[in-house]
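Data from upload31.cif: mmCIF, C-alpha atoms and all ligand atoms
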data_protein
loop_
_atom_site.label_atom_id
_atom_site.label_comp_id
_atom_site.auth_asym_id
_atom_site.auth_seq_id
_atom_site.Cartn_x
_atom_site.Cartn_y
_atom_site.Cartn_z
CA MET Q 1 6.84 16.83 -16.82
CA SER Q 2 9.38 14.07 -17.44
CA LYS Q 3 12.56 14.03 -15.39
CA TYR Q 4 14.38 12.16 -18.16
CA GLN Q 5 15.76 13.20 -21.54
CA GLN Q 6 15.70 9.70 -22.96
CA ALA Q 7 14.50 6.21 -22.14
CA LEU Q 8 15.66 2.87 -23.46
CA ILE Q 9 13.72 -0.37 -23.12
CA TYR Q 10 15.21 -3.81 -23.66
CA PHE Q 11 12.66 -6.59 -23.75
CA MET Q 12 12.38 -10.33 -24.07
CA SER Q 13 9.07 -11.83 -25.15
CA GLY Q 14 8.00 -15.35 -26.09
CA THR Q 15 4.36 -14.93 -27.08
CA GLY Q 16 4.14 -11.15 -27.23
CA ASN Q 17 2.77 -10.26 -23.75
CA THR Q 18 5.93 -8.57 -22.58
CA TYR Q 19 6.38 -6.83 -25.92
CA ARG Q 20 2.88 -5.35 -25.54
CA ALA Q 21 3.69 -4.13 -22.04
CA ALA Q 22 6.87 -2.52 -23.39
CA THR Q 23 4.93 -0.72 -26.14
CA TRP Q 24 2.40 0.61 -23.59
CA ALA Q 25 5.30 1.98 -21.58
CA GLY Q 26 6.67 3.45 -24.82
CA GLU Q 27 3.35 5.22 -25.47
CA GLU Q 28 3.58 6.89 -22.07
CA PHE Q 29 7.17 8.02 -22.76
CA ASN Q 30 5.90 9.57 -26.00
CA ASN Q 31 3.00 11.24 -24.20
CA GLN Q 32 5.49 12.83 -21.85
CA ASN Q 33 7.83 13.90 -24.64
CA THR Q 34 10.64 11.61 -23.59
CA LYS Q 35 12.81 10.32 -26.45
CA MET Q 36 12.64 6.53 -26.36
CA GLN Q 37 13.72 3.29 -28.03
CA ILE Q 38 12.30 -0.22 -27.60
CA ILE Q 39 14.79 -2.93 -28.57
CA PRO Q 40 14.59 -6.76 -28.30
CA PHE Q 41 17.38 -7.90 -25.99
CA ASP Q 42 18.87 -10.25 -28.62
CA ARG Q 43 19.40 -7.34 -31.02
CA ALA Q 44 20.75 -4.98 -28.38
CA ASN Q 45 24.06 -3.17 -28.47
CA PRO Q 46 24.11 -1.78 -24.90
CA THR Q 47 27.56 -0.18 -25.00
CA THR Q 48 26.46 2.23 -27.72
CA GLU Q 49 22.75 2.44 -26.85
CA ILE Q 50 22.84 3.13 -23.09
CA ILE Q 51 23.54 6.78 -22.39
CA GLN Q 52 24.85 6.94 -18.85
CA GLY Q 53 23.70 9.46 -16.26
CA GLU Q 54 20.72 10.49 -14.19
CA LYS Q 55 18.89 11.96 -17.18
CA SER Q 56 18.65 8.51 -18.81
CA LEU Q 57 16.28 5.73 -17.94
CA LEU Q 58 16.78 2.07 -18.73
CA GLY Q 59 13.88 -0.39 -18.52
CA LEU Q 60 14.17 -4.18 -18.66
CA PHE Q 61 10.98 -6.02 -19.65
CA LEU Q 62 10.83 -9.80 -19.29
CA PRO Q 63 8.42 -12.68 -18.67
CA THR Q 64 8.60 -14.89 -15.58
CA HIS Q 65 9.86 -18.42 -16.23
CA GLY Q 66 9.72 -20.95 -13.41
CA PHE Q 67 9.23 -18.29 -10.68
CA THR Q 68 12.34 -16.37 -11.68
CA ALA Q 69 13.86 -14.50 -14.62
CA PRO Q 70 14.70 -16.48 -17.78
CA TRP Q 71 18.40 -17.39 -17.79
CA VAL Q 72 19.02 -15.48 -21.04
CA MET Q 73 17.78 -12.28 -19.39
CA ILE Q 74 19.93 -12.85 -16.30
CA ARG Q 75 22.93 -13.29 -18.59
CA PHE Q 76 21.92 -10.20 -20.55
CA ALA Q 77 21.67 -8.11 -17.35
CA LEU Q 78 25.09 -9.39 -16.26
CA SER Q 79 26.57 -8.35 -19.59
CA LEU Q 80 25.32 -4.73 -19.42
CA PRO Q 81 27.92 -1.97 -19.04
CA ALA Q 82 28.38 -0.29 -15.63
CA GLY Q 83 25.46 1.97 -14.74
CA GLU Q 84 27.37 5.03 -13.44
CA GLY Q 85 24.18 6.26 -11.77
CA THR Q 86 21.89 5.68 -14.77
CA HIS Q 87 18.32 5.24 -13.57
CA ALA Q 88 16.63 1.89 -14.23
CA PHE Q 89 13.42 -0.03 -13.65
CA ILE Q 90 12.29 -3.62 -14.11
CA SER Q 91 8.94 -4.78 -15.46
CA VAL Q 92 8.07 -8.45 -15.25
CA THR Q 93 5.05 -10.07 -16.84
CA ARG Q 94 3.50 -12.97 -14.96
CA GLY Q 95 1.00 -15.57 -15.98
CA GLY Q 96 -2.40 -14.39 -14.82
CA THR Q 97 -5.50 -16.60 -15.04
CA LYS Q 98 -9.25 -16.00 -15.11
CA PHE Q 99 -11.98 -18.14 -13.59
CA GLY Q 100 -15.41 -16.77 -14.43
CA ASN Q 101 -15.22 -13.14 -13.42
CA ILE Q 102 -12.32 -13.60 -11.07
CA TYR Q 103 -8.83 -12.65 -12.19
CA MET Q 104 -6.01 -14.48 -10.44
CA PRO Q 105 -2.48 -13.04 -10.38
CA GLY Q 106 0.61 -14.96 -11.46
CA PHE Q 107 3.64 -15.40 -9.26
CA GLU Q 108 6.92 -13.82 -10.30
CA GLY Q 109 9.03 -15.18 -7.42
CA THR Q 110 12.49 -13.66 -7.70
CA ALA Q 111 12.24 -12.58 -11.38
CA ALA Q 112 12.10 -8.82 -10.87
CA TYR Q 113 14.25 -8.41 -7.79
CA LEU Q 114 17.04 -10.63 -9.08
CA LEU Q 115 17.49 -8.36 -12.10
CA ALA Q 116 17.09 -5.27 -9.91
CA LEU Q 117 19.89 -6.59 -7.70
CA ILE Q 118 22.17 -7.27 -10.67
CA LEU Q 119 21.62 -3.75 -12.01
CA LYS Q 120 22.09 -2.24 -8.56
CA ILE Q 121 25.44 -4.04 -8.18
CA LYS Q 122 26.40 -2.72 -11.61
CA GLY Q 123 25.85 0.85 -10.44
CA TYR Q 124 22.35 1.60 -11.77
CA LYS Q 125 19.90 3.46 -9.55
CA ILE Q 126 16.76 1.36 -9.32
CA ARG Q 127 13.66 3.56 -9.51
CA GLY Q 128 10.99 0.90 -9.48
CA VAL Q 129 9.82 -2.63 -10.06
CA ILE Q 130 6.45 -3.76 -11.36
CA GLY Q 131 4.72 -7.08 -12.01
CA LEU Q 132 1.98 -7.34 -14.66
CA ASP Q 133 -0.55 -10.16 -14.83
CA MET Q 134 -0.81 -10.99 -18.52
CA PRO Q 135 -2.41 -14.22 -19.82
CA LEU Q 136 -0.54 -17.32 -18.65
CA ASN Q 137 1.25 -18.86 -21.64
CA TRP Q 138 2.72 -21.82 -19.79
CA THR Q 139 0.64 -24.18 -21.91
CA ALA Q 140 2.47 -27.24 -20.64
CA LEU Q 141 0.69 -26.44 -17.36
CA VAL Q 142 -2.71 -25.04 -18.35
CA PRO Q 143 -4.59 -24.71 -21.65
CA GLY Q 144 -4.40 -21.28 -23.34
CA PHE Q 145 -7.17 -18.67 -23.16
CA SER Q 146 -9.56 -17.62 -25.90
CA ASN Q 147 -8.54 -14.46 -27.77
CA LYS Q 148 -11.35 -12.53 -26.11
CA THR Q 149 -10.35 -13.53 -22.57
CA ALA Q 150 -6.67 -12.96 -23.28
CA GLU Q 151 -7.49 -9.49 -24.62
CA LYS Q 152 -9.53 -8.65 -21.52
CA MET Q 153 -6.67 -9.76 -19.26
CA ASN Q 154 -4.16 -7.78 -21.28
CA THR Q 155 -6.04 -4.50 -21.37
CA ARG Q 156 -6.57 -4.55 -17.59
CA MET Q 157 -2.81 -4.12 -17.24
CA LYS Q 158 -2.42 -1.09 -19.48
CA PRO Q 159 -3.49 1.50 -16.86
CA LYS Q 160 -1.20 -0.17 -14.34
CA ILE Q 161 1.96 0.15 -16.43
CA THR Q 162 0.94 3.65 -17.57
CA ALA Q 163 0.54 4.83 -13.95
CA PHE Q 164 3.84 3.17 -13.02
CA ILE Q 165 5.76 4.87 -15.85
CA ASN Q 166 4.11 8.14 -14.90
CA THR Q 167 5.42 8.05 -11.33
CA ILE Q 168 8.90 7.10 -12.54
CA LEU Q 169 8.94 9.95 -15.07
CA ASN Q 170 7.84 12.33 -12.31
CA GLY Q 171 10.98 11.40 -10.41
CA GLU Q 172 9.29 9.20 -7.79
CA LYS Q 173 10.33 5.71 -6.85
CA ASN Q 174 7.76 2.95 -7.29
CA PHE Q 175 8.24 -0.45 -5.70
CA GLY Q 176 4.47 -0.83 -5.25
CA PHE Q 177 3.25 -4.09 -3.88
CA TRP Q 178 6.63 -5.36 -2.73
CA THR Q 179 7.19 -2.50 -0.29
CA VAL Q 180 3.86 -3.21 1.35
CA PHE Q 181 4.37 -6.96 1.20
CA SER Q 182 7.77 -6.83 2.89
CA LEU Q 183 6.38 -4.50 5.56
CA ILE Q 184 3.53 -6.96 6.27
CA LEU Q 185 6.04 -9.83 6.45
CA ILE Q 186 8.20 -7.99 9.00
CA ALA Q 187 5.21 -6.83 11.08
CA VAL Q 188 3.77 -10.37 11.20
CA ALA Q 189 7.15 -12.01 11.91
CA VAL Q 190 7.82 -9.70 14.89
CA ARG Q 191 4.37 -10.49 16.30
CA ILE Q 192 4.64 -14.26 15.82
CA PHE Q 193 7.84 -14.12 17.83
CA ILE Q 194 6.22 -12.04 20.58
CA PHE Q 195 2.99 -14.03 20.69
CA TRP Q 196 5.01 -17.16 21.17
CA LEU Q 197 7.21 -15.55 23.83
CA MET Q 198 4.85 -13.53 26.04
CA HIS Q 199 1.63 -13.97 27.97
CA PRO Q 200 -1.16 -11.47 27.32
CA GLY Q 201 -1.75 -9.02 30.15
CA ILE Q 202 -4.91 -7.62 31.63
CA HIS Q 203 -5.34 -4.39 33.50
CA THR Q 204 -7.83 -4.76 36.39
CA ASP Q 205 -9.59 -1.64 35.24
CA SER Q 206 -10.04 -3.11 31.75
CA VAL Q 207 -12.25 -6.03 32.78
CA THR Q 208 -15.33 -3.85 32.55
CA PHE Q 209 -14.74 -3.60 28.79
CA PHE Q 210 -16.24 -7.07 28.55
CA PHE Q 211 -19.68 -5.87 29.60
CA LEU Q 212 -20.90 -3.97 26.60
CA ASN Q 213 -24.51 -3.68 27.67
CA GLU Q 214 -23.59 -2.48 31.16
CA LEU Q 215 -21.57 0.51 30.11
CA ASP Q 216 -21.63 3.34 32.57
CA MET Q 217 -21.36 6.90 31.42
CA VAL Q 218 -17.57 7.12 31.64
CA ARG Q 219 -17.01 4.12 29.39
CA THR Q 220 -17.35 5.02 25.71
CA PRO Q 221 -18.41 2.18 23.39
CA GLY Q 222 -15.55 2.07 20.83
CA TYR Q 223 -13.31 -0.53 22.43
CA PRO Q 224 -16.14 -2.75 23.76
CA ILE Q 225 -17.61 -2.90 20.23
CA PHE Q 226 -14.22 -4.03 18.91
CA ILE Q 227 -14.05 -6.72 21.63
CA GLU Q 228 -17.62 -7.77 20.86
CA PHE Q 229 -16.70 -8.01 17.16
CA LEU Q 230 -13.79 -10.38 17.90
CA LEU Q 231 -15.89 -12.46 20.28
CA SER Q 232 -18.69 -12.82 17.75
CA ILE Q 233 -16.21 -14.12 15.15
CA ASN Q 234 -15.11 -16.61 17.78
CA ASP Q 235 -18.77 -17.52 18.35
CA LEU Q 236 -19.27 -18.12 14.64
CA ILE Q 237 -16.09 -20.16 14.22
CA PRO Q 238 -15.26 -21.39 17.72
CA ILE Q 239 -11.47 -21.16 18.12
CA THR Q 240 -10.74 -20.57 21.79
CA THR Q 241 -12.27 -19.96 25.21
CA ASP Q 242 -9.27 -17.87 26.21
CA TYR Q 243 -10.86 -14.51 25.39
CA ILE Q 244 -7.95 -12.38 26.56
CA SER Q 245 -5.54 -14.18 24.22
CA LEU Q 246 -8.07 -13.87 21.41
CA ILE Q 247 -8.37 -10.10 21.88
CA CYS Q 248 -4.58 -9.67 22.09
CA PHE Q 249 -4.24 -11.84 18.98
CA GLY Q 250 -6.67 -9.50 17.16
CA GLN Q 251 -4.78 -6.45 18.40
CA LEU Q 252 -1.40 -7.84 17.37
CA PHE Q 253 -2.14 -9.46 14.03
CA PHE Q 254 -4.97 -7.32 12.77
CA LEU Q 255 -4.66 -3.85 14.29
CA GLY Q 256 -0.89 -3.88 14.92
CA VAL Q 257 -0.01 -4.92 11.35
CA LEU Q 258 -2.55 -2.46 9.97
CA ASN Q 259 -1.07 0.34 12.11
CA SER Q 260 2.37 -0.28 10.73
CA LEU Q 261 0.95 -0.03 7.16
CA LEU Q 262 -0.98 3.12 8.03
CA LEU Q 263 2.13 4.75 9.45
CA TYR Q 264 3.99 3.85 6.26
CA ARG Q 265 1.17 5.51 4.28
CA ILE Q 266 1.21 8.67 6.43
CA ALA Q 267 4.98 8.98 6.04
CA TYR Q 268 4.63 8.46 2.28
CA LEU Q 269 1.85 11.03 1.92
CA LEU Q 270 3.96 13.56 3.79
CA THR Q 271 7.38 12.91 2.26
CA ARG Q 272 6.73 10.92 -0.97
CA LYS Q 273 9.86 8.95 -0.05
CA ARG Q 274 9.20 5.22 -0.11
CA ILE Q 275 12.37 4.03 1.58
CA PHE Q 276 12.01 6.52 4.43
CA SER Q 277 8.32 5.60 4.81
CA LEU Q 278 9.17 1.90 4.79
CA PHE Q 279 11.71 2.54 7.53
CA MET Q 280 9.03 4.35 9.59
CA GLY Q 281 6.61 1.44 9.07
CA ILE Q 282 9.24 -1.10 10.14
CA PHE Q 283 10.40 1.02 13.09
CA TYR Q 284 6.84 1.03 14.46
CA ASN Q 285 7.03 -2.73 15.01
CA PHE Q 286 10.07 -2.45 17.21
CA ASN Q 287 8.61 0.09 19.62
CA TYR Q 288 8.53 -1.48 23.06
CA PHE Q 289 5.48 0.48 24.29
CA ILE Q 290 3.46 -0.07 21.11
CA ILE Q 291 3.89 -3.84 21.27
CA GLY Q 292 3.27 -3.75 25.04
CA PHE Q 293 -0.10 -2.04 24.42
CA GLU Q 294 -1.04 -4.60 21.78
CA PHE Q 295 -0.47 -7.31 24.32
CA GLN Q 296 -2.91 -5.97 26.89
CA LEU Q 297 -6.58 -5.33 27.21
CA LEU Q 298 -6.20 -1.60 26.57
CA THR Q 299 -7.76 0.92 24.18
CA GLU Q 300 -4.40 2.20 22.92
CA THR Q 301 -3.95 -0.05 19.87
CA LEU Q 302 -7.45 0.55 18.52
CA SER Q 303 -7.03 4.29 19.16
CA ILE Q 304 -3.81 4.29 17.11
CA THR Q 305 -5.57 2.48 14.24
CA LEU Q 306 -8.41 5.01 14.22
CA LEU Q 307 -6.10 8.01 14.66
CA PHE Q 308 -3.84 6.89 11.80
CA SER Q 309 -6.89 6.20 9.60
CA VAL Q 310 -8.19 9.73 10.23
CA ILE Q 311 -4.78 11.20 9.38
CA VAL Q 312 -4.41 9.13 6.19
CA LEU Q 313 -7.83 10.29 5.00
CA TYR Q 314 -7.33 13.87 6.16
CA LEU Q 315 -3.99 14.20 4.34
CA GLN Q 316 -5.85 13.45 1.12
CA PHE Q 317 -8.46 16.18 1.63
CA PHE Q 318 -6.49 18.25 -0.85
CA LYS Q 319 -7.85 15.96 -3.56
CA GLY Q 320 -11.20 17.56 -2.81
CA LYS Q 321 -13.32 14.38 -2.67
CA LYS Q 322 -16.27 14.66 -0.24
CA LEU Q 323 -16.29 10.91 0.45
CA LEU Q 324 -12.88 11.32 2.10
CA ALA Q 325 -14.33 13.86 4.53
CA LEU Q 326 -17.29 11.61 5.31
CA PHE Q 327 -15.09 8.60 6.11
CA ALA Q 328 -12.54 10.72 8.00
CA GLY Q 329 -15.44 12.06 10.07
CA ILE Q 330 -16.77 8.55 10.79
CA PHE Q 331 -13.31 7.31 11.86
CA MET Q 332 -12.91 10.45 13.97
CA VAL Q 333 -16.18 9.70 15.78
CA LEU Q 334 -15.09 6.07 16.34
CA LEU Q 335 -11.82 7.45 17.72
CA ILE Q 336 -13.72 9.72 20.15
CA TYR Q 337 -15.85 6.70 21.15
CA THR Q 338 -12.65 4.79 21.88
CA LYS Q 339 -10.65 7.60 23.50
CA PRO Q 340 -12.64 10.72 24.35
CA THR Q 341 -9.34 12.62 24.80
CA PHE Q 342 -9.46 13.19 21.03
CA LEU Q 343 -12.75 15.11 21.25
CA LEU Q 344 -11.33 18.35 19.84
CA LEU Q 345 -9.03 16.88 17.20
CA GLY Q 346 -11.79 17.19 14.60
CA ILE Q 347 -11.72 20.98 15.02
CA PHE Q 348 -7.98 21.22 15.59
CA LEU Q 349 -7.04 19.58 12.25
CA PRO Q 350 -8.93 22.04 9.99
CA THR Q 351 -7.74 24.97 12.14
CA LEU Q 352 -4.15 23.81 11.86
CA THR Q 353 -4.49 23.36 8.09
CA PHE Q 354 -5.98 26.81 7.71
CA PHE Q 355 -3.26 28.62 9.65
CA GLY Q 356 -0.52 26.38 8.27
CA PHE Q 357 -1.41 26.53 4.58
CA TYR Q 358 -3.63 29.48 3.83
CA PRO Q 359 -0.99 32.21 4.34
CA LYS Q 360 1.18 30.42 1.77
CA GLU Q 361 -1.57 29.50 -0.68
CA LYS Q 362 -3.72 32.67 -0.36
CA LYS Q 363 -5.94 31.33 -3.09
CA VAL Q 364 -9.73 31.35 -3.19
CA SER Q 365 -9.56 27.94 -4.89
CA PHE Q 366 -7.81 26.53 -1.81
CA LEU Q 367 -10.70 27.57 0.44
CA LYS Q 368 -13.30 26.63 -2.19
CA LYS Q 369 -11.89 23.13 -2.37
CA LEU Q 370 -11.40 22.52 1.35
CA THR Q 371 -14.27 24.36 3.05
CA PRO Q 372 -17.06 21.90 2.02
CA LEU Q 373 -14.88 19.01 3.20
CA TRP Q 374 -14.12 20.70 6.52
CA ILE Q 375 -17.83 21.44 7.07
CA LEU Q 376 -18.77 17.81 6.36
CA PHE Q 377 -15.92 16.50 8.54
CA ILE Q 378 -16.82 18.73 11.50
CA ALA Q 379 -20.56 18.05 11.06
CA VAL Q 380 -20.02 14.27 11.28
CA ASN Q 381 -17.88 14.90 14.39
CA ILE Q 382 -20.58 16.98 16.05
CA ILE Q 383 -23.37 14.52 15.20
CA GLY Q 384 -21.31 11.52 16.41
CA ALA Q 385 -19.96 12.97 19.65
CA GLY Q 386 -23.18 14.92 20.31
CA GLY Q 387 -25.26 11.76 19.83
CA TRP Q 388 -23.31 9.96 22.53
CA ALA Q 389 -23.53 12.94 24.89
CA LEU Q 390 -27.29 13.12 24.33
CA ARG Q 391 -27.66 9.42 25.04
CA ASN Q 392 -25.82 9.90 28.34
CA LYS Q 393 -27.97 12.90 29.22
CA ILE Q 394 -31.19 10.93 28.61
CA LYS Q 395 -29.97 7.77 30.35
CA PHE Q 396 -27.92 9.16 33.22
CA ASP Q 397 -28.76 12.87 33.25
CA TYR Q 398 -25.03 13.47 32.69
CA PHE Q 399 -23.04 14.51 29.59
C1 LIG Q 401 8.13 -22.12 -19.31
C2 LIG Q 401 7.27 -21.07 -18.69
C3 LIG Q 401 7.36 -20.85 -17.34
C4 LIG Q 401 6.53 -19.88 -16.72
N1 LIG Q 401 6.63 -19.67 -15.38
C5 LIG Q 401 5.81 -18.77 -14.78
C6 LIG Q 401 5.89 -18.55 -13.38
O1 LIG Q 401 6.67 -19.13 -12.66
N2 LIG Q 401 5.04 -17.64 -12.82
C7 LIG Q 401 4.15 -16.93 -13.57
O2 LIG Q 401 3.41 -16.13 -13.02
N3 LIG Q 401 4.08 -17.10 -14.93
C8 LIG Q 401 4.88 -18.01 -15.55
N4 LIG Q 401 4.82 -18.19 -16.90
C9 LIG Q 401 3.89 -17.35 -17.66
C10 LIG Q 401 4.56 -16.18 -18.37
O3 LIG Q 401 5.51 -15.55 -17.57
C11 LIG Q 401 3.50 -15.13 -18.74
O4 LIG Q 401 2.46 -15.71 -19.44
C12 LIG Q 401 4.12 -14.00 -19.54
O5 LIG Q 401 3.18 -12.96 -19.65
C13 LIG Q 401 4.55 -14.41 -20.92
O6 LIG Q 401 5.11 -13.32 -21.59
P1 LIG Q 401 5.57 -13.38 -23.10
O7 LIG Q 401 4.34 -13.57 -23.94
O8 LIG Q 401 6.19 -12.06 -23.36
O9 LIG Q 401 6.54 -14.50 -23.23
C14 LIG Q 401 5.62 -19.14 -17.52
C15 LIG Q 401 5.57 -19.35 -18.89
C16 LIG Q 401 6.38 -20.33 -19.49
C17 LIG Q 401 6.28 -20.55 -20.97
#
As structure tokens, what does this structure read like?
Ligand SMILES: Cc1cc2nc3c(=O)[nH]c(=O)nc-3n(C[C@H](O)[C@H](O)[C@H](O)COP(=O)(O)O)c2cc1C
Amino acid sequence: MSKYQQALIYFMSGTGNTYRAATWAGEEFNNQNTKMQIIPFDRANPTTEIIQGEKSLLGLFLPTHGFTAPWVMIRFALSLPAGEGTHAFISVTRGGTKFGNIYMPGFEGTAAYLLALILKIKGYKIRGVIGLDMPLNWTALVPGFSNKTAEKMNTRMKPKITAFINTILNGEKNFGFWTVFSLILIAVAVRIFIFWLMHPGIHTDSVTFFFLNELDMVRTPGYPIFIEFLLSINDLIPITTDYISLICFGQLFFLGVLNSLLLYRIAYLLTRKRIFSLFMGIFYNFNYFIIGFEFQLLTETLSITLLFSVIVLYLQFFKGKKLLALFAGIFMVLLIYTKPTFLLLGIFLPTLTFFGFYPKEKKVSFLKKLTPLWILFIAVNIIGAGGWALRNKIKFDYF
């Protein structure tokens, strides 16, 4: 159900790519019964056409020129009347390419965010930004594509813009790739600074993690397998003999960055608020203890990755897909192998969901949808944790 009464699209298009994207967006407005107009920017009369207010949506569609917005579109955005809270989004087409079966994206540079900034300053509420990889028409740089290839590249983008418009019409914000990209940039930048500043630490107790094949019964295999994985990469492509630094590097730049993205995802799944979730993801990188753990030979960072992965998958159980339960179960087992403290979490999560949601839902369909997933999830947990206990019983006569 659309949140908007009307939508207005202004577009600029040289060879028709952006115009096509605008018409696809228009189709989705029609599908959702939202009154809409698509007008070329050079025939626009914004003062009479833009209806101000939160029930109106303005979309600017433009191609990328020289890694930014074409000057005429910047001037056009500057000339628009004050937004007074009118909602707006920006859609930029980029020059995609295709080599064999591989599609390469274009690069929009500042095209979308420059216009978003102009509109924001003018009092519009920016609801989303999207980049679409249409066929590259910069023929001074590369030869054009055949009609067939161009068509293939074009139609790949239709579902993308349709899904984008859908989220906007549902009242959600959608900054897609850029939110994730900026989070990765911040997470990496913080860690480059720390890696350069600090020396990795090692806990005396942790040294035994290096001896995978000499594990005693109190050492579960999760973390040693992770260490072994990093060391084998180093064996394949010899980089360093300083194994502690290598492991901390893996924890910081692989697990740490991933954790910050996973936390962003969890926050988004729970609140559906991108800015809040982005803040949570960024905040994670400035936690003194978290970074301290990443810098030592400790199980904590890997445990957080696995725990967050389980939660991300578990929160999507409501979609009813069995594959989610299978993977959540596998990650749960890996988590138990890394930190046995989480042994009962696999039972606790379904129990919590049942008592938390069932009284409100009280629907048979709720149980019908979730029960098979819970059974699969718990079964994988039992097989995984039980398998390790059995191995200990056989080898050491001890669970
Ligand atoms: C002069 C010129 C500069 C371009 N610069 C870029 C660029 O920096 N990055 C990019 O991804 N595509 C670039 N492109 C490709 C177009 O943005 C892309 O093909 C777009 O889909 C064209 O849309 P249109 O057919 O509506 O004009 C450029 C195209 C031209 C003609």
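Coordinates place atom CA of Q:Lys122 at a distance of 25.2 Å from atom O3 of ligand LIG 401 (chain Q).
Between atom CA of Q:Ile233 and atom CA of Q:Phe195 lies a distance of 20.0 Å.
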With a distance cut-off of 12 Å and all atoms listed in the file, select the neighbouring residues of Q:Thr23, excluding the residue or stretch itself and same-chain residues fewer than 3 positions from it, and output the selection as a list of chain:residue names.
-> Q:Leu8, Q:Ile9, Q:Tyr10, Q:Phe11, Q:Ser13, Q:Gly16, Q:Asn17, Q:Thr18, Q:Tyr19, Q:Arg20, Q:Gly26, Q:Glu27, Q:Glu28, Q:Phe29, Q:Asn30, Q:Met36, Q:Gln37, Q:Ile38, Q:Ile39, Q:Pro40, Q:Gly59, Q:Phe61, Q:Lys158, Q:Ile161, Q:Thr162, Q:Ile165
Preceding selection exported with C-alpha atoms as a short mmCIF file (atom, residue, chain, number, x, y, z; two decimals), in the frame of the given file:
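Contents of selection.cif, as written:
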data_model
loop_
_atom_site.label_atom_id
_atom_site.label_comp_id
_atom_site.auth_asym_id
_atom_site.auth_seq_id
_atom_site.Cartn_x
_atom_site.Cartn_y
_atom_site.Cartn_z
CA LEU Q 8 15.66 2.87 -23.46
CA ILE Q 9 13.72 -0.37 -23.12
CA TYR Q 10 15.21 -3.81 -23.66
CA PHE Q 11 12.66 -6.59 -23.75
CA SER Q 13 9.07 -11.83 -25.15
CA GLY Q 16 4.14 -11.15 -27.23
CA ASN Q 17 2.77 -10.26 -23.75
CA THR Q 18 5.93 -8.57 -22.58
CA TYR Q 19 6.38 -6.83 -25.92
CA ARG Q 20 2.88 -5.35 -25.54
CA GLY Q 26 6.67 3.45 -24.82
CA GLU Q 27 3.35 5.22 -25.47
CA GLU Q 28 3.58 6.89 -22.07
CA PHE Q 29 7.17 8.02 -22.76
CA ASN Q 30 5.90 9.57 -26.00
CA MET Q 36 12.64 6.53 -26.36
CA GLN Q 37 13.72 3.29 -28.03
CA ILE Q 38 12.30 -0.22 -27.60
CA ILE Q 39 14.79 -2.93 -28.57
CA PRO Q 40 14.59 -6.76 -28.30
CA GLY Q 59 13.88 -0.39 -18.52
CA PHE Q 61 10.98 -6.02 -19.65
CA LYS Q 158 -2.42 -1.09 -19.48
CA ILE Q 161 1.96 0.15 -16.43
CA THR Q 162 0.94 3.65 -17.57
CA ILE Q 165 5.76 4.87 -15.85
#
Residues within 9 Å of ligand LIG 401 (chain Q) should be enumerated using all atoms listed in the file and returned as an mmCIF file with C-alpha atoms, keeping the file's coordinate frame.
data_model
loop_
_atom_site.group_PDB
_atom_site.id
_atom_site.type_symbol
_atom_site.label_atom_id
_atom_site.label_comp_id
_atom_site.auth_asym_id
_atom_site.auth_seq_id
_atom_site.Cartn_x
_atom_site.Cartn_y
_atom_site.Cartn_z
ATOM 1 C CA PHE Q 11 12.660 -6.590 -23.750
ATOM 2 C CA MET Q 12 12.380 -10.330 -24.070
ATOM 3 C CA SER Q 13 9.070 -11.830 -25.150
ATOM 4 C CA GLY Q 14 8.000 -15.350 -26.090
ATOM 5 C CA THR Q 15 4.360 -14.930 -27.080
ATOM 6 C CA GLY Q 16 4.140 -11.150 -27.230
ATOM 7 C CA ASN Q 17 2.770 -10.260 -23.750
ATOM 8 C CA THR Q 18 5.930 -8.570 -22.580
ATOM 9 C CA TYR Q 19 6.380 -6.830 -25.920
ATOM 10 C CA ARG Q 20 2.880 -5.350 -25.540
ATOM 11 C CA ALA Q 21 3.690 -4.130 -22.040
ATOM 12 C CA PHE Q 61 10.980 -6.020 -19.650
ATOM 13 C CA LEU Q 62 10.830 -9.800 -19.290
ATOM 14 C CA PRO Q 63 8.420 -12.680 -18.670
ATOM 15 C CA THR Q 64 8.600 -14.890 -15.580
ATOM 16 C CA HIS Q 65 9.860 -18.420 -16.230
ATOM 17 C CA GLY Q 66 9.720 -20.950 -13.410
ATOM 18 C CA PHE Q 67 9.230 -18.290 -10.680
ATOM 19 C CA THR Q 68 12.340 -16.370 -11.680
ATOM 20 C CA ALA Q 69 13.860 -14.500 -14.620
ATOM 21 C CA PRO Q 70 14.700 -16.480 -17.780
ATOM 22 C CA VAL Q 92 8.070 -8.450 -15.250
ATOM 23 C CA THR Q 93 5.050 -10.070 -16.840
ATOM 24 C CA ARG Q 94 3.500 -12.970 -14.960
ATOM 25 C CA GLY Q 95 1.000 -15.570 -15.980
ATOM 26 C CA GLY Q 96 -2.400 -14.390 -14.820
ATOM 27 C CA PRO Q 105 -2.480 -13.040 -10.380
ATOM 28 C CA GLY Q 106 0.610 -14.960 -11.460
ATOM 29 C CA PHE Q 107 3.640 -15.400 -9.260
ATOM 30 C CA GLU Q 108 6.920 -13.820 -10.300
ATOM 31 C CA GLY Q 109 9.030 -15.180 -7.420
ATOM 32 C CA ALA Q 111 12.240 -12.580 -11.380
ATOM 33 C CA LEU Q 132 1.980 -7.340 -14.660
ATOM 34 C CA ASP Q 133 -0.550 -10.160 -14.830
ATOM 35 C CA MET Q 134 -0.810 -10.990 -18.520
ATOM 36 C CA PRO Q 135 -2.410 -14.220 -19.820
ATOM 37 C CA LEU Q 136 -0.540 -17.320 -18.650
ATOM 38 C CA ASN Q 137 1.250 -18.860 -21.640
ATOM 39 C CA TRP Q 138 2.720 -21.820 -19.790
ATOM 40 C CA THR Q 139 0.640 -24.180 -21.910
ATOM 41 C CA ALA Q 140 2.470 -27.240 -20.640
ATOM 42 C CA LEU Q 141 0.690 -26.440 -17.360
#
